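Before any comments, here is the structure.
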Amino acid sequence: MPLSPKRILLVNADEDVLAALSAACLPYHEDWQLTTATTGADALDQLGQGHCDAVIADRQLKDMSGLELLRTAMVCHPQMARILLSEQPDRDTVIASLGIVHQYLPTPCAPADLLSAICRLTVLDRFFTNDLLRMIVARVQQLPSPPRVYFQLMKELAQPDATIDSVGAIIAQDSSLSAKLLQVVNSAFFSPPAPIVSVREAVQIVGFNLVKSLSLSLGLFASLNPLAATEVNPDRLYLHSLATAMLAQKIMIDESVGSETADAAFTAGILHDVGKLVLVSALPGLYRQSVQLAADELMPQWQAEANIFGVDHAAVGAYLLGLWGLPAPIVEAVAWHHEPGHHHPPAFNALTGVHVADFLQSQHWPASQRTLVVNLDIAYIQSLDLAEKIERWSEVEGSL
């Protein structure tokens with residue numbers, strides 16, 4: 001059964017800009033139903049008339065700011081993707097938009113950038129059972145946004161003259177990120193010849209991409225609802241995610257893949273359980289039921305989540321990261337990290353690293369947490385002729 005066209009609402013005060021962007025989208029008319037508005041009032045009126053999958057609004061409209069429009073849209077249609085067209089967002093804009101904006105697109109917006117953003121959003125349905133996922137997301141009311149320091153790092157790293165000193169200066173402003181970075185660089189994974197105490201030196205050793213991923217994940221884990229911390233142990237969950245990320249990266253390096261794939265494996269590894277944070281923060285009561293079901297039936301936690309919510313934390317986390325516009329290899333690795341065989345065609349990539357690393361790291365869970373232990377997809381591993389390498393990869397683990 002073919003999927004229904006995705007309804008995209010494009011809001012911009014400049015009719016010429018709307019016409020140009022609309023023309024660029026014409027080749028996709030069978031997949032997208034693109035509508036336009038020049039004012040916030042018109043946009044809200046259209047949103048009130050029916051379902052919309054995404055709204056893309058310019059920062060300044062004739063009657064309100066684009067952020068005001070997206071804030072109102074979030075309250076009325078929380079399941080909808082929200083993108084703000086803006087110049088490089090400043091600190092105040094980023095802070096004001098936390099929890100509201102999923103992605104930023106630069107202005108003036110090139111048609112290619114708009115097409116890429118819409119494509120990333122509209123392909124999410126091929127990963128998940130969308131109706132069930134939308135029901136969960138609709139109840140979340142306010143999905144988290146990437147933390148402020150992540151935006152600062154993204155802005156700095158986009159500069160051609162970005163340096164270790166400039167990146168280190170941003171990290172040094174965040175004590176939590178600084179502490180975590182130093183913990184990572186002094187771990188057995190990096191095995192420095194002498195203790196590293198300088199943020200600048202730590203950045204030089206681990207690299208910009210790892211730093212960016214750390215800032216994103218740390219902000220997410222810090223945003224966990226304090227009341228929900230009784231349902232999951234955020235510190236233990238973060239350490240597991242970090243260890244999984246490092247091992248996934250090492251597996252990629254062991255197989256001599258490119259640095260881009262190794263970096264994707266690290267980022268996906270550190271974010272692979274982020275869906276748990278969304279579920280437990282938004283719906284702690286139901287999450288508690290899933291934990292109890294897993295314990296009573298001795299089933300993996302992710303399967304219990306699927307029984308209670310209709311989707312598991314892998315789908316929810318991947319949907320969130322897809323809304324943020326993270327690259328497809330990362331979204332796919334998060335989406336299928338428990339069931340890599342569902343990704344076709346099977347291939348050795350970031351998903352492989354995260355699945356294997358998650359399995360190996362889960363073996364360290366105490367007996368009381370046996371429902372959190374991850375099963376290895378033997379058929380998938382055999383299809384890639386990797387069975388003999390599992391033992392070797394288990395020996396490259398380090399400790400934090």
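Each chain of the structure tokens is named A, B, ... in the order shown, its residues numbered from 1; ligands are numbered from 1 in display order.
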Find the nearest atom pair between each residue of stretch 291-387 of chain A and stretch 207-220 of chain A for residues within 12 Å, count only C-alpha atoms, give distances in Å to one decimal, sort rows by chain and ascending number, and present the table as CSV.
```
residue,atom,partner,partner_atom,distance
A:Gly317,CA,A:Leu220,CA,11.2
A:Leu320,CA,A:Leu220,CA,11.4
A:Leu321,CA,A:Leu216,CA,10.8
A:Trp324,CA,A:Leu216,CA,11.3
A:Leu326,CA,A:Ser213,CA,11.0
A:Ile330,CA,A:Ser213,CA,11.3
```
Can you spit out the residues from that selection as a compact mmCIF listing (two decimals), in the first residue's frame, using all heavy atoms?
```txt
# COMPACT_ATOMS: atom_id res chain seq x y z
N GLY A 317 14.09 6.92 19.63
CA GLY A 317 15.35 7.66 19.55
C GLY A 317 15.72 8.00 18.13
O GLY A 317 16.14 9.13 17.84
N LEU A 320 13.58 10.85 16.82
CA LEU A 320 14.03 12.14 17.33
C LEU A 320 15.27 12.62 16.59
O LEU A 320 15.35 13.78 16.15
CB LEU A 320 14.33 12.02 18.83
CG LEU A 320 14.99 13.24 19.50
CD1 LEU A 320 14.04 14.43 19.45
CD2 LEU A 320 15.36 12.92 20.93
N LEU A 321 16.25 11.75 16.41
CA LEU A 321 17.48 12.14 15.73
C LEU A 321 17.22 12.46 14.26
O LEU A 321 17.88 13.33 13.68
CB LEU A 321 18.52 11.02 15.86
CG LEU A 321 18.92 10.67 17.30
CD1 LEU A 321 19.90 9.51 17.31
CD2 LEU A 321 19.51 11.88 18.01
N TRP A 324 16.00 15.91 14.02
CA TRP A 324 17.10 16.87 14.17
C TRP A 324 17.97 16.96 12.93
O TRP A 324 18.85 17.80 12.84
CB TRP A 324 17.97 16.48 15.36
CG TRP A 324 17.32 16.74 16.68
CD1 TRP A 324 16.13 17.35 16.93
CD2 TRP A 324 17.84 16.37 17.96
NE1 TRP A 324 15.88 17.39 18.27
CE2 TRP A 324 16.91 16.79 18.93
CE3 TRP A 324 19.00 15.73 18.38
CZ2 TRP A 324 17.11 16.59 20.29
CZ3 TRP A 324 19.19 15.52 19.74
CH2 TRP A 324 18.26 15.96 20.68
N LEU A 326 20.09 14.51 11.79
CA LEU A 326 21.35 13.78 11.83
C LEU A 326 21.44 12.87 10.61
O LEU A 326 20.43 12.43 10.06
CB LEU A 326 21.47 12.97 13.12
CG LEU A 326 22.18 13.70 14.27
CD1 LEU A 326 21.33 14.85 14.78
CD2 LEU A 326 22.53 12.75 15.41
N ILE A 330 23.57 7.32 10.98
CA ILE A 330 23.41 7.38 12.43
C ILE A 330 21.99 7.02 12.82
O ILE A 330 21.75 6.22 13.74
CB ILE A 330 23.78 8.78 12.95
CG1 ILE A 330 25.27 9.06 12.71
CG2 ILE A 330 23.44 8.92 14.44
CD1 ILE A 330 25.70 10.47 13.03
```
Original post:
A:Asp16: which residues within 12 Å, counting only C-alpha atoms, same-chain residues fewer than 5 positions away excluded, as a PyMOL selection string?
Top reply: chain A and resi 11+21-23+36+38
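Counting only C-alpha atoms and comparing A:Glu30, A:Glu305, A:Asp263, A:Asp53, the residue that lies closest to A:Leu293 is A:Glu305.
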**OP:** Determine, counting only C-alpha atoms, which protein, DNA and RNA residues have an atom within 8 Å of an atom of stretch 55-65 of chain A; residues of the same chain fewer than 5 positions away are not included. Present the result as an NGL selection string.
**Re:** :A and (8-13 or 38-41 or 70 or 80-86)
Show me, as JSON lines, the residues of stretch 291-312 of chain A having an atom within 10 Å of stretch 373-391 of chain A, each with the closest atom pair and its distance in Å, using only C-alpha atoms.
```
{"residue": "A:Met299", "atom": "CA", "partner": "A:Val373", "partner_atom": "CA", "distance": 9.6}
{"residue": "A:Pro300", "atom": "CA", "partner": "A:Val373", "partner_atom": "CA", "distance": 6.9}
{"residue": "A:Gln301", "atom": "CA", "partner": "A:Val373", "partner_atom": "CA", "distance": 8.4}
{"residue": "A:Trp302", "atom": "CA", "partner": "A:Val374", "partner_atom": "CA", "distance": 9.2}
```
Can those selected residues be exported to a file as a tab-separated table (two decimals), in the first residue's frame so that it contains N, CA, C and O atoms?
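The new file part_11.tsv reads:
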```tsv
chain	number	residue	atom	x	y	z
A	299	MET	N	11.83	-11.03	29.50
A	299	MET	CA	12.05	-10.63	28.11
A	299	MET	C	12.94	-9.39	28.07
A	299	MET	O	13.01	-8.64	29.05
A	300	PRO	N	13.65	-9.18	26.97
A	300	PRO	CA	14.48	-7.97	26.86
A	300	PRO	C	13.63	-6.71	27.04
A	300	PRO	O	12.46	-6.67	26.64
A	301	GLN	N	14.23	-5.68	27.63
A	301	GLN	CA	13.51	-4.45	27.92
A	301	GLN	C	12.90	-3.84	26.66
A	301	GLN	O	11.77	-3.35	26.67
A	302	TRP	N	13.62	-3.88	25.55
A	302	TRP	CA	13.11	-3.23	24.33
A	302	TRP	C	11.86	-3.94	23.81
A	302	TRP	O	10.97	-3.29	23.26
```
Original post:
Counting only C-alpha atoms, which of A:Met74, A:Pro193, A:Leu114, A:Ala202 gets nearest to A:Ala172?
Top reply: A:Ala202
Subject >> 9 Å contact set for stretch 345-353 of chain A, only C-alpha atoms, chain neighbours under 3 positions out, as an NGL selection string >> reply: :A and (244-245 or 247-252 or 257 or 261-266 or 268-269 or 329-330 or 332-337 or 340-342 or 356-358 or 380-381 or 383-384)
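For the atom pair formed by atom CA of A:Ala295 and atom CA of A:Val278, the distance is 21.0 Å, given to one decimal.
Closest to A:Leu121 among A:Pro27, A:His338, A:Ala328, A:Phe309 is A:Ala328, based on only C-alpha atoms.
With only C-alpha atoms as the atoms that count, the minimum distance from A:Gln363 to the choices A:Leu177, A:His240, A:Arg392, A:Leu271 is reached by A:His240.
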Subject >> DSSP-assigned alpha helix (DSSP H) among stretch 155-200 of chain A, expressed as a PyMOL selection string >> reply: chain A and resi 155-157+164-172+175-185+199-200
Subject >> Proximity to A:Ala117 - best of A:Pro327, A:Asp31, A:Arg7, A:Ala315, only C-alpha atoms >> reply: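 Nearest candidate to A:Ala117 out of A:Pro327, A:Asp31, A:Arg7, A:Ala315: A:Pro327.
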**OP:** Tell me which of A:Tyr104, A:Ala73, A:His355, A:Glu201 sits closest to A:Met154, counting only C-alpha atoms.
**Re:**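 Once distances to A:Met154 are computed over only C-alpha atoms, the minimum belongs to A:Tyr104.
The space separating atom CA of A:Val203 from atom CA of A:Ile171 comes to 9.1 Å.
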**OP:** Excluding A:Val291 and any residue of its chain fewer than 5 positions from it, enumerate the residues within 12 Å of it, using only C-alpha atoms, and give them as a list in words.
**Re:**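 The contact residues come out as Thr230, Glu231, Val232, Lys276, Leu279, Val280, Pro284, Gly285, Leu286, Asp296, Glu297, Leu298, Met299, Pro300, Gln301, Trp302, Gln303, Ala304, Glu305, Ala306, Asn307, Ile308, Phe309, Gln369, Arg370, Thr371 and Leu372 of chain A.
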**OP:** Show which residues sit within 12 Å of A:Ile196, as a PyMOL selection string. Count only C-alpha atoms, and ignore same-chain residues fewer than 2 positions away.
**Re:** chain A and resi 178-179+181-187+190-194+198-206
Subject >> Non-local contacts of A:Leu242 (7 Å; only C-alpha atoms; under 4 positions in same chain excluded) as a PyMOL selection string >> reply: chain A and resi 238+246+270
Subject >> Residue set, stretch 23-130 of chain A restricted to strand (DSSP E), as a PyMOL selection string >> reply: chain A and resi 32-37+54-58+81-86+103-106
What does the file look like for those residues with N, CA and C atoms, as a compact mmCIF listing (two decimals), in the first residue's frame?
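selection_12.txt, written as the output of this step:
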```txt
# COMPACT_ATOMS: atom_id res chain seq x y z
N TRP A 32 5.16 14.66 -1.93
CA TRP A 32 4.97 15.77 -1.01
C TRP A 32 3.77 16.60 -1.44
N GLN A 33 3.00 17.03 -0.48
CA GLN A 33 1.94 18.00 -0.74
C GLN A 33 2.38 19.31 -0.10
N LEU A 34 2.98 20.17 -0.92
CA LEU A 34 3.57 21.41 -0.41
C LEU A 34 2.55 22.53 -0.46
N THR A 35 2.33 23.19 0.68
CA THR A 35 1.49 24.38 0.75
C THR A 35 2.32 25.53 1.30
N THR A 36 1.87 26.76 1.05
CA THR A 36 2.65 27.92 1.47
C THR A 36 1.78 28.92 2.21
N ALA A 37 2.44 29.79 2.96
CA ALA A 37 1.77 30.88 3.67
C ALA A 37 2.76 32.02 3.81
N ALA A 54 5.19 18.58 8.56
CA ALA A 54 6.31 19.47 8.87
C ALA A 54 5.96 20.90 8.51
N VAL A 55 6.45 21.84 9.32
CA VAL A 55 6.30 23.25 9.01
C VAL A 55 7.69 23.87 9.01
N ILE A 56 7.97 24.63 7.95
CA ILE A 56 9.27 25.28 7.79
C ILE A 56 9.01 26.78 7.72
N ALA A 57 9.45 27.50 8.74
CA ALA A 57 9.10 28.92 8.86
C ALA A 57 10.33 29.81 8.88
N ASP A 58 10.22 30.96 8.18
CA ASP A 58 11.28 31.95 8.23
C ASP A 58 11.31 32.59 9.61
N ALA A 81 7.10 17.95 12.64
CA ALA A 81 8.48 18.42 12.57
C ALA A 81 8.49 19.94 12.40
N ARG A 82 9.42 20.61 13.09
CA ARG A 82 9.46 22.08 13.09
C ARG A 82 10.87 22.56 12.72
N ILE A 83 10.95 23.33 11.63
CA ILE A 83 12.23 23.83 11.12
C ILE A 83 12.17 25.35 11.04
N LEU A 84 13.23 26.00 11.50
CA LEU A 84 13.31 27.46 11.46
C LEU A 84 14.36 27.88 10.43
N LEU A 85 13.96 28.76 9.51
CA LEU A 85 14.89 29.36 8.56
C LEU A 85 15.48 30.59 9.22
N SER A 86 16.78 30.61 9.39
CA SER A 86 17.40 31.70 10.14
C SER A 86 18.85 31.85 9.73
N GLN A 103 15.19 21.63 13.74
CA GLN A 103 16.32 21.89 12.85
C GLN A 103 16.34 23.37 12.48
N TYR A 104 17.55 23.85 12.14
CA TYR A 104 17.73 25.18 11.56
C TYR A 104 18.20 25.02 10.11
N LEU A 105 17.70 25.88 9.23
CA LEU A 105 18.22 25.97 7.88
C LEU A 105 18.69 27.40 7.67
N PRO A 106 19.82 27.59 7.00
CA PRO A 106 20.36 28.94 6.83
C PRO A 106 19.53 29.75 5.84
```
